[in-house]
Each structure stands twice: as C-alpha cells, then as structure tokens.
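Listing of work29.csv; format and content: CSV, N, CA, C and O atoms.
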chain,number,residue,atom,x,y,z
A,1,MET,N,14.0,17.2,32.7
A,1,MET,CA,13.0,16.2,32.9
A,1,MET,C,12.1,16.2,31.7
A,1,MET,O,11.7,17.3,31.2
A,2,SER,N,11.7,15.1,31.2
A,2,SER,CA,10.8,14.9,30.1
A,2,SER,C,9.4,15.2,30.4
A,2,SER,O,8.9,14.9,31.5
A,3,SER,N,8.7,15.9,29.5
A,3,SER,CA,7.3,16.2,29.7
A,3,SER,C,6.3,15.2,29.3
A,3,SER,O,5.1,15.4,29.4
A,4,GLY,N,6.8,14.1,28.7
A,4,GLY,CA,5.9,13.0,28.3
A,4,GLY,C,6.2,12.6,26.9
A,4,GLY,O,7.2,13.0,26.2
A,5,TYR,N,5.4,11.7,26.4
A,5,TYR,CA,5.6,11.1,25.1
A,5,TYR,C,5.1,12.0,24.0
A,5,TYR,O,4.2,12.9,24.2
A,6,HIS,N,5.6,11.9,22.8
A,6,HIS,CA,5.1,12.6,21.7
A,6,HIS,C,3.7,12.2,21.4
A,6,HIS,O,3.3,11.0,21.4
A,7,THR,N,2.8,13.1,21.2
A,7,THR,CA,1.4,12.8,20.9
A,7,THR,C,1.1,13.0,19.4
A,7,THR,O,0.1,12.5,18.9
A,8,SER,N,2.0,13.7,18.7
A,8,SER,CA,1.9,13.9,17.3
A,8,SER,C,3.2,14.3,16.7
A,8,SER,O,4.0,14.9,17.5
A,9,TRP,N,3.4,14.0,15.5
A,9,TRP,CA,4.6,14.4,14.8
A,9,TRP,C,4.3,15.7,14.0
A,9,TRP,O,3.3,15.8,13.4
A,10,LYS,N,5.2,16.6,14.1
A,10,LYS,CA,5.1,17.9,13.3
A,10,LYS,C,6.1,17.8,12.2
A,10,LYS,O,7.3,17.7,12.3
A,11,ILE,N,5.5,17.7,11.0
A,11,ILE,CA,6.3,17.6,9.7
A,11,ILE,C,6.4,18.9,9.0
A,11,ILE,O,5.3,19.5,8.7
A,12,PRO,N,7.5,19.5,8.9
A,12,PRO,CA,7.7,20.8,8.2
A,12,PRO,C,7.1,20.7,6.8
A,12,PRO,O,7.2,19.7,6.1
A,13,PRO,N,6.4,21.8,6.4
A,13,PRO,CA,5.8,21.8,5.0
A,13,PRO,C,6.8,21.5,3.9
A,13,PRO,O,6.4,20.8,2.9
A,14,GLU,N,8.1,21.9,4.0
A,14,GLU,CA,9.0,21.6,3.0
A,14,GLU,C,9.3,20.1,2.8
A,14,GLU,O,9.6,19.6,1.8
A,15,HIS,N,9.1,19.4,3.9
A,15,HIS,CA,9.3,17.9,3.8
A,15,HIS,C,8.1,17.3,3.1
A,15,HIS,O,8.3,16.3,2.4
A,16,ARG,N,7.0,17.8,3.3
A,16,ARG,CA,5.8,17.3,2.7
A,16,ARG,C,5.8,17.4,1.1
A,16,ARG,O,5.2,16.7,0.4
A,17,GLU,N,6.6,18.4,0.7
A,17,GLU,CA,6.8,18.6,-0.8
A,17,GLU,C,7.9,17.8,-1.4
A,17,GLU,O,8.0,17.7,-2.6
A,18,ASP,N,8.7,17.2,-0.5
A,18,ASP,CA,9.8,16.3,-1.0
A,18,ASP,C,9.3,15.1,-1.7
A,18,ASP,O,8.5,14.4,-1.2
A,19,PRO,N,9.8,14.9,-3.0
A,19,PRO,CA,9.3,13.7,-3.7
A,19,PRO,C,9.6,12.4,-3.0
A,19,PRO,O,8.8,11.4,-3.1
A,20,ALA,N,10.6,12.3,-2.2
A,20,ALA,CA,10.9,11.1,-1.4
A,20,ALA,C,9.9,10.8,-0.4
A,20,ALA,O,9.4,9.7,-0.1
A,21,TYR,N,9.4,11.9,0.3
A,21,TYR,CA,8.4,11.8,1.3
A,21,TYR,C,7.1,11.3,0.7
A,21,TYR,O,6.4,10.4,1.2
A,22,HIS,N,6.7,11.9,-0.5
A,22,HIS,CA,5.5,11.5,-1.2
A,22,HIS,C,5.6,10.0,-1.7
A,22,HIS,O,4.6,9.3,-1.5
A,23,ALA,N,6.7,9.6,-2.2
A,23,ALA,CA,6.9,8.2,-2.6
A,23,ALA,C,6.8,7.2,-1.4
A,23,ALA,O,6.2,6.2,-1.6
A,24,ALA,N,7.3,7.6,-0.3
A,24,ALA,CA,7.2,6.7,0.9
A,24,ALA,C,5.7,6.6,1.3
A,24,ALA,O,5.3,5.5,1.6
A,25,GLY,N,5.0,7.7,1.2
A,25,GLY,CA,3.6,7.6,1.6
A,25,GLY,C,2.8,6.8,0.6
A,25,GLY,O,1.9,6.0,0.9
A,26,ARG,N,3.2,6.8,-0.7
A,26,ARG,CA,2.5,6.0,-1.7
A,26,ARG,C,2.8,4.5,-1.5
A,26,ARG,O,1.9,3.7,-1.6
A,27,ARG,N,4.1,4.2,-1.1
A,27,ARG,CA,4.4,2.8,-0.8
A,27,ARG,C,3.6,2.3,0.4
A,27,ARG,O,3.1,1.2,0.4
A,28,MET,N,3.5,3.2,1.4
A,28,MET,CA,2.7,2.8,2.6
A,28,MET,C,1.2,2.6,2.3
A,28,MET,O,0.6,1.6,2.7
A,29,ASP,N,0.6,3.4,1.5
A,29,ASP,CA,-0.8,3.3,1.0
A,29,ASP,C,-1.0,2.0,0.2
A,29,ASP,O,-1.9,1.3,0.4
A,30,PHE,N,0.0,1.7,-0.7
A,30,PHE,CA,-0.1,0.5,-1.5
A,30,PHE,C,0.0,-0.7,-0.6
A,30,PHE,O,-0.8,-1.7,-0.8
A,31,ALA,N,1.0,-0.7,0.3
A,31,ALA,CA,1.2,-1.8,1.2
A,31,ALA,C,-0.1,-2.1,2.0
A,31,ALA,O,-0.6,-3.2,2.1
A,32,GLN,N,-0.7,-1.0,2.5
A,32,GLN,CA,-1.9,-1.2,3.3
A,32,GLN,C,-3.1,-1.7,2.5
A,32,GLN,O,-3.9,-2.5,2.9
A,33,ALA,N,-3.2,-1.2,1.2
A,33,ALA,CA,-4.3,-1.7,0.3
A,33,ALA,C,-4.1,-3.1,0.0
A,33,ALA,O,-5.1,-3.9,0.0
A,34,VAL,N,-2.9,-3.6,-0.3
A,34,VAL,CA,-2.7,-5.0,-0.5
A,34,VAL,C,-3.1,-5.8,0.7
A,34,VAL,O,-3.8,-6.8,0.6
A,35,TYR,N,-2.6,-5.4,1.8
A,35,TYR,CA,-2.8,-6.2,3.1
A,35,TYR,C,-4.3,-6.2,3.4
A,35,TYR,O,-4.9,-7.3,3.7
A,36,ASP,N,-5.0,-5.1,3.2
A,36,ASP,CA,-6.4,-5.0,3.6
A,36,ASP,C,-7.2,-5.9,2.6
A,36,ASP,O,-8.1,-6.6,3.1
A,37,ARG,N,-7.0,-5.9,1.3
A,37,ARG,CA,-7.7,-6.7,0.4
A,37,ARG,C,-7.4,-8.2,0.6
A,37,ARG,O,-8.4,-9.0,0.6
A,38,ARG,N,-6.2,-8.5,0.8
A,38,ARG,CA,-5.8,-9.9,1.1
A,38,ARG,C,-6.5,-10.4,2.3
A,38,ARG,O,-7.1,-11.5,2.3
A,39,SER,N,-6.5,-9.6,3.4
A,39,SER,CA,-7.1,-10.0,4.6
A,39,SER,C,-8.6,-10.1,4.5
A,39,SER,O,-9.2,-11.1,5.0
A,40,ALA,N,-9.2,-9.2,3.7
A,40,ALA,CA,-10.7,-9.3,3.5
A,40,ALA,C,-11.1,-10.6,2.8
A,40,ALA,O,-12.2,-11.1,3.0
A,41,LEU,N,-10.2,-11.0,1.9
A,41,LEU,CA,-10.5,-12.3,1.2
A,41,LEU,C,-10.1,-13.5,2.0
A,41,LEU,O,-10.4,-14.6,1.6
A,42,GLY,N,-9.5,-13.3,3.2
A,42,GLY,CA,-9.1,-14.4,4.0
A,42,GLY,C,-7.9,-15.2,3.5
A,42,GLY,O,-7.7,-16.4,3.9
A,43,TRP,N,-7.1,-14.6,2.7
A,43,TRP,CA,-5.9,-15.3,2.1
A,43,TRP,C,-4.7,-15.0,2.9
A,43,TRP,O,-4.4,-14.0,3.5
A,44,SER,N,-3.8,-16.0,2.9
A,44,SER,CA,-2.4,-15.9,3.4
A,44,SER,C,-1.6,-15.2,2.4
A,44,SER,O,-1.9,-15.1,1.2
A,45,THR,N,-0.4,-14.8,2.8
A,45,THR,CA,0.6,-14.2,1.9
A,45,THR,C,1.0,-15.3,0.8
A,45,THR,O,1.1,-14.9,-0.4
A,46,ALA,N,1.0,-16.5,1.2
A,46,ALA,CA,1.3,-17.6,0.3
A,46,ALA,C,0.3,-17.8,-0.8
A,46,ALA,O,0.6,-18.0,-2.0
A,47,GLU,N,-1.0,-17.6,-0.4
A,47,GLU,CA,-2.1,-17.7,-1.4
A,47,GLU,C,-2.1,-16.6,-2.4
A,47,GLU,O,-2.2,-16.8,-3.6
A,48,LEU,N,-1.8,-15.4,-1.9
A,48,LEU,CA,-1.8,-14.2,-2.8
A,48,LEU,C,-0.6,-14.4,-3.7
A,48,LEU,O,-0.6,-14.1,-4.9
A,49,ALA,N,0.6,-14.8,-3.2
A,49,ALA,CA,1.8,-15.0,-4.0
A,49,ALA,C,1.5,-16.0,-5.1
A,49,ALA,O,1.9,-15.8,-6.3
A,50,ARG,N,0.8,-17.1,-4.8
A,50,ARG,CA,0.5,-18.1,-5.8
A,50,ARG,C,-0.4,-17.5,-6.9
A,50,ARG,O,-0.1,-17.7,-8.1
A,51,ARG,N,-1.4,-16.8,-6.5
A,51,ARG,CA,-2.4,-16.3,-7.4
A,51,ARG,C,-1.7,-15.2,-8.3
A,51,ARG,O,-2.1,-15.0,-9.5
A,52,ALA,N,-0.8,-14.4,-7.7
A,52,ALA,CA,-0.2,-13.3,-8.4
A,52,ALA,C,1.1,-13.7,-9.2
A,52,ALA,O,1.7,-12.9,-9.8
A,53,LYS,N,1.5,-15.0,-9.0
A,53,LYS,CA,2.7,-15.5,-9.6
A,53,LYS,C,3.9,-14.8,-9.1
A,53,LYS,O,4.8,-14.4,-9.9
A,54,LEU,N,4.0,-14.5,-7.8
A,54,LEU,CA,5.1,-13.9,-7.2
A,54,LEU,C,5.5,-14.8,-6.0
A,54,LEU,O,4.8,-15.7,-5.7
A,55,SER,N,6.7,-14.5,-5.5
A,55,SER,CA,7.1,-15.2,-4.3
A,55,SER,C,6.4,-14.7,-3.0
A,55,SER,O,6.0,-13.5,-3.0
A,56,GLU,N,6.4,-15.5,-2.0
A,56,GLU,CA,5.9,-15.0,-0.7
A,56,GLU,C,6.7,-13.9,-0.2
A,56,GLU,O,6.2,-13.0,0.4
A,57,GLU,N,8.0,-14.0,-0.4
A,57,GLU,CA,8.9,-12.9,0.0
A,57,GLU,C,8.5,-11.6,-0.7
A,57,GLU,O,8.6,-10.5,-0.1
A,58,ASP,N,8.1,-11.7,-2.0
A,58,ASP,CA,7.7,-10.5,-2.7
A,58,ASP,C,6.5,-9.8,-2.1
A,58,ASP,O,6.4,-8.6,-1.9
A,59,ILE,N,5.5,-10.7,-1.7
A,59,ILE,CA,4.3,-10.2,-1.1
A,59,ILE,C,4.6,-9.5,0.3
A,59,ILE,O,4.1,-8.5,0.6
A,60,GLU,N,5.5,-10.2,1.0
A,60,GLU,CA,5.9,-9.6,2.3
A,60,GLU,C,6.6,-8.3,2.2
A,60,GLU,O,6.3,-7.3,2.9
A,61,ALA,N,7.4,-8.2,1.2
A,61,ALA,CA,8.1,-6.9,0.9
A,61,ALA,C,7.1,-5.8,0.5
A,61,ALA,O,7.3,-4.7,1.0
A,62,ILE,N,6.1,-6.2,-0.3
A,62,ILE,CA,5.1,-5.2,-0.7
A,62,ILE,C,4.4,-4.7,0.6
A,62,ILE,O,4.2,-3.5,0.8
A,63,GLU,N,4.0,-5.7,1.4
A,63,GLU,CA,3.2,-5.3,2.6
A,63,GLU,C,4.0,-4.6,3.7
A,63,GLU,O,3.4,-4.1,4.6
A,64,GLU,N,5.3,-4.6,3.5
A,64,GLU,CA,6.2,-3.9,4.5
A,64,GLU,C,6.6,-2.6,3.9
A,64,GLU,O,7.6,-1.9,4.4
A,65,SER,N,5.9,-2.1,2.8
A,65,SER,CA,6.2,-0.8,2.2
A,65,SER,C,7.6,-0.8,1.5
A,65,SER,O,8.2,0.3,1.4
A,66,GLY,N,8.1,-1.9,1.1
A,66,GLY,CA,9.4,-2.0,0.5
A,66,GLY,C,9.5,-2.0,-1.0
A,66,GLY,O,10.5,-2.2,-1.6
A,67,VAL,N,8.3,-1.8,-1.6
A,67,VAL,CA,8.2,-2.0,-3.1
A,67,VAL,C,7.4,-0.8,-3.7
A,67,VAL,O,6.3,-0.5,-3.2
A,68,ASP,N,8.0,-0.2,-4.7
A,68,ASP,CA,7.3,0.9,-5.4
A,68,ASP,C,6.1,0.3,-6.2
A,68,ASP,O,6.3,-0.7,-6.9
A,69,PRO,N,5.0,0.9,-6.2
A,69,PRO,CA,3.8,0.4,-6.9
A,69,PRO,C,3.9,0.8,-8.4
A,69,PRO,O,3.3,1.8,-8.8
A,70,THR,N,4.5,-0.1,-9.2
A,70,THR,CA,4.6,0.2,-10.6
A,70,THR,C,3.2,-0.2,-11.3
A,70,THR,O,2.4,-1.0,-10.7
A,71,LEU,N,2.9,0.3,-12.4
A,71,LEU,CA,1.7,0.0,-13.1
A,71,LEU,C,1.6,-1.5,-13.3
A,71,LEU,O,0.5,-2.1,-13.1
A,72,GLU,N,2.6,-2.1,-13.8
A,72,GLU,CA,2.6,-3.6,-14.0
A,72,GLU,C,2.3,-4.4,-12.7
A,72,GLU,O,1.5,-5.3,-12.8
A,73,LEU,N,2.9,-4.0,-11.6
A,73,LEU,CA,2.6,-4.7,-10.4
A,73,LEU,C,1.2,-4.4,-9.9
A,73,LEU,O,0.5,-5.3,-9.4
A,74,ILE,N,0.7,-3.2,-10.0
A,74,ILE,CA,-0.7,-2.9,-9.6
A,74,ILE,C,-1.6,-3.8,-10.4
A,74,ILE,O,-2.6,-4.4,-9.9
A,75,GLU,N,-1.4,-3.8,-11.7
A,75,GLU,CA,-2.3,-4.7,-12.6
A,75,GLU,C,-2.2,-6.1,-12.2
A,75,GLU,O,-3.3,-6.8,-12.1
A,76,GLN,N,-1.0,-6.6,-11.9
A,76,GLN,CA,-0.8,-8.0,-11.6
A,76,GLN,C,-1.6,-8.3,-10.3
A,76,GLN,O,-2.2,-9.3,-10.1
A,77,LEU,N,-1.4,-7.5,-9.3
A,77,LEU,CA,-2.1,-7.7,-8.0
A,77,LEU,C,-3.6,-7.5,-8.1
A,77,LEU,O,-4.3,-8.2,-7.4
A,78,ALA,N,-4.0,-6.5,-8.8
A,78,ALA,CA,-5.5,-6.3,-9.0
A,78,ALA,C,-6.1,-7.5,-9.6
A,78,ALA,O,-7.2,-8.0,-9.1
A,79,THR,N,-5.5,-8.1,-10.6
A,79,THR,CA,-6.0,-9.3,-11.2
A,79,THR,C,-6.1,-10.5,-10.1
A,79,THR,O,-7.1,-11.1,-10.0
A,80,ALA,N,-5.0,-10.6,-9.4
A,80,ALA,CA,-4.9,-11.7,-8.4
A,80,ALA,C,-5.9,-11.5,-7.3
A,80,ALA,O,-6.5,-12.4,-6.8
A,81,LEU,N,-6.1,-10.2,-6.9
A,81,LEU,CA,-7.0,-9.9,-5.8
A,81,LEU,C,-8.4,-9.7,-6.2
A,81,LEU,O,-9.3,-9.4,-5.4
A,82,GLU,N,-8.7,-10.0,-7.5
A,82,GLU,CA,-10.0,-9.9,-8.1
A,82,GLU,C,-10.7,-8.6,-7.8
A,82,GLU,O,-11.8,-8.5,-7.2
A,83,ALA,N,-9.9,-7.5,-8.1
A,83,ALA,CA,-10.4,-6.2,-7.7
A,83,ALA,C,-9.9,-5.2,-8.7
A,83,ALA,O,-9.0,-5.5,-9.5
A,84,GLY,N,-10.5,-4.0,-8.6
A,84,GLY,CA,-10.0,-2.9,-9.4
A,84,GLY,C,-9.1,-2.0,-8.5
A,84,GLY,O,-9.2,-2.1,-7.3
A,85,ALA,N,-8.2,-1.3,-9.1
A,85,ALA,CA,-7.3,-0.4,-8.3
A,85,ALA,C,-7.8,1.0,-8.5
A,85,ALA,O,-8.1,1.5,-9.6
A,86,HIS,N,-7.8,1.7,-7.4
A,86,HIS,CA,-8.2,3.1,-7.4
A,86,HIS,C,-7.1,3.9,-6.8
A,86,HIS,O,-6.6,3.7,-5.7
A,87,ILE,N,-6.6,4.9,-7.6
A,87,ILE,CA,-5.5,5.8,-7.1
A,87,ILE,C,-6.0,7.2,-7.3
A,87,ILE,O,-6.4,7.6,-8.4
A,88,ASP,N,-5.9,8.0,-6.2
A,88,ASP,CA,-6.3,9.4,-6.2
A,88,ASP,C,-5.4,10.2,-5.3
A,88,ASP,O,-5.5,10.1,-4.0
A,89,PRO,N,-4.4,10.9,-5.8
A,89,PRO,CA,-3.5,11.6,-5.0
A,89,PRO,C,-4.1,12.8,-4.2
A,89,PRO,O,-3.5,13.3,-3.3
A,90,ARG,N,-5.4,13.1,-4.4
A,90,ARG,CA,-6.1,14.1,-3.7
A,90,ARG,C,-6.7,13.6,-2.4
A,90,ARG,O,-7.2,14.4,-1.6
A,91,THR,N,-6.6,12.3,-2.2
A,91,THR,CA,-7.2,11.7,-1.0
A,91,THR,C,-6.2,11.0,-0.1
A,91,THR,O,-5.1,10.8,-0.6
A,92,SER,N,-6.5,10.6,1.0
A,92,SER,CA,-5.7,9.8,1.9
A,92,SER,C,-6.5,8.7,2.5
A,92,SER,O,-7.5,9.0,3.1
A,93,PRO,N,-6.2,7.5,2.3
A,93,PRO,CA,-5.0,7.0,1.5
A,93,PRO,C,-5.2,7.3,0.0
A,93,PRO,O,-6.4,7.3,-0.4
A,94,GLU,N,-4.1,7.3,-0.7
A,94,GLU,CA,-4.2,7.6,-2.1
A,94,GLU,C,-4.6,6.3,-2.9
A,94,GLU,O,-5.0,6.4,-4.0
A,95,PHE,N,-4.4,5.2,-2.3
A,95,PHE,CA,-4.5,3.9,-3.1
A,95,PHE,C,-5.4,2.9,-2.4
A,95,PHE,O,-5.3,2.8,-1.2
A,96,ARG,N,-6.3,2.2,-3.2
A,96,ARG,CA,-7.1,1.2,-2.6
A,96,ARG,C,-7.5,0.2,-3.7
A,96,ARG,O,-7.6,0.6,-4.8
A,97,PHE,N,-7.8,-1.0,-3.3
A,97,PHE,CA,-8.4,-2.0,-4.2
A,97,PHE,C,-9.8,-2.1,-3.9
A,97,PHE,O,-10.2,-2.0,-2.7
A,98,GLU,N,-10.7,-2.2,-4.9
A,98,GLU,CA,-12.1,-2.2,-4.7
A,98,GLU,C,-12.7,-3.3,-5.5
A,98,GLU,O,-12.2,-3.7,-6.5
A,99,ASP,N,-13.8,-3.9,-5.0
A,99,ASP,CA,-14.5,-4.9,-5.7
A,99,ASP,C,-14.9,-4.4,-7.1
A,99,ASP,O,-15.2,-3.2,-7.2
A,100,HIS,N,-14.9,-5.3,-8.1
A,100,HIS,CA,-15.4,-4.9,-9.4
A,100,HIS,C,-16.9,-4.6,-9.3
A,100,HIS,O,-17.6,-5.2,-8.5
A,101,ALA,N,-17.4,-3.6,-10.0
A,101,ALA,CA,-18.8,-3.2,-10.0
A,101,ALA,C,-19.6,-4.4,-10.6
A,101,ALA,O,-19.2,-5.0,-11.6
A,102,ALA,N,-20.7,-4.7,-10.0
A,102,ALA,CA,-21.5,-5.8,-10.5
A,102,ALA,C,-22.4,-5.4,-11.7
A,102,ALA,O,-22.7,-4.3,-11.9
Rewrite the structure from the file as structure tokens, please.
Amino acid sequence: MSSGYHTSWKIPPEHREDPAYHAAGRRMDFAQAVYDRRSALGWSTAELARRAKLSEEDIEAIEESGVDPTLELIEQLATALEAGAHIDPRTSPEFRFEDHAA
C-alpha cells in the first residue's frame, strides 16, 4: 500500500555535479527569466518575437526550457526586453533580466 504522494525529491549529490543537470537548471532559469520579464511588460510571445527578430516558435521553445542560453541569444533578448541580464551561478535562480539602472 502506498504511503502517499512524494512531498520532495531527493537528488543524489553526484547528480547535482553532473554537467547535464547543471545545464538543465540553467535552461530552466533562463526560460523563467524570459517569461517573467515578458509577462511583466505585458507582452505576448508574438510581441517579444517581433522585437527580438525571432519566430514565435523560438520564444515558445525558450520559455519551455528547450534552448541553451548562448551569449548571442541573451544579448538579443536583453535588448528586446529592454533590460540587462544578470547571471550568477552562486544564486538560485542563476539568471534574471533586470531593468536598466536609471
């Protein structure tokens, strides 16, 4: 008989050191940062795609954690999102877009 639902996931330390695990986390942080900034601006995926000169499918793939955050893509999206990009692997989340300092 089952004792209930999982309330937390236990990830072995060796998995946390795996480069693929870290890369997946970076993609998820990037996806969330793009979504959060786009939503804060009140833009649709189509609007961000137009401003970033990408397809709407590209934006959807980014927001679904399906795209690695390359420097070129980060710069392209930061410009389109009228924001600066902050990346700090010592924090969680590692990635966020921030308003430019006034």
Neighbour list for range 60-71 of chain A as a list in words, cut-off 6 Å, all atoms listed in the file, skip fewer than 2 positions in-chain: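 Neighbouring residues, sequence-local ones excluded: Ala24, Arg27, Met28, Phe30, Ala31, Gln32, Tyr35, Ser55, Glu56, Glu57, Asp58, Leu73, Ile74, Glu75 and Gln76 of chain A.
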Residue among A:Glu17, A:Ala80, A:His22, A:Glu72 lying closest to Leu48 in chain A, counting all atoms listed in the file: A:Ala80
In Å, rounded to a single decimal, give me how far CA of Ser92 in chain A is from CA of Leu54 in chain A.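 It comes out at 27.6 Å.
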Here atom C of His100 in chain A and atom N of Gly25 in chain A stand apart by 27.2 Å
Find the distance between atom N of Ile59 in chain A and CA of Pro93 in chain A and write it in Å to one decimal. 20.8 Å
Please report, as a PyMOL selection string, each residue of range 9-92 of chain A to which DSSP assigns alpha helix (DSSP H) when run on this structure's backbone. chain A and resi 13-16+19-41+45-52+56-63+71-80
Axis-aligned box for all listed atoms of range 25-38 of chain A, 6 Å per side, centre and edges in Å to one decimal, as JSON:
{"center_x": -1.7, "center_y": -1.9, "center_z": 1.0, "size_x": 25.4, "size_y": 31.2, "size_z": 17.4}
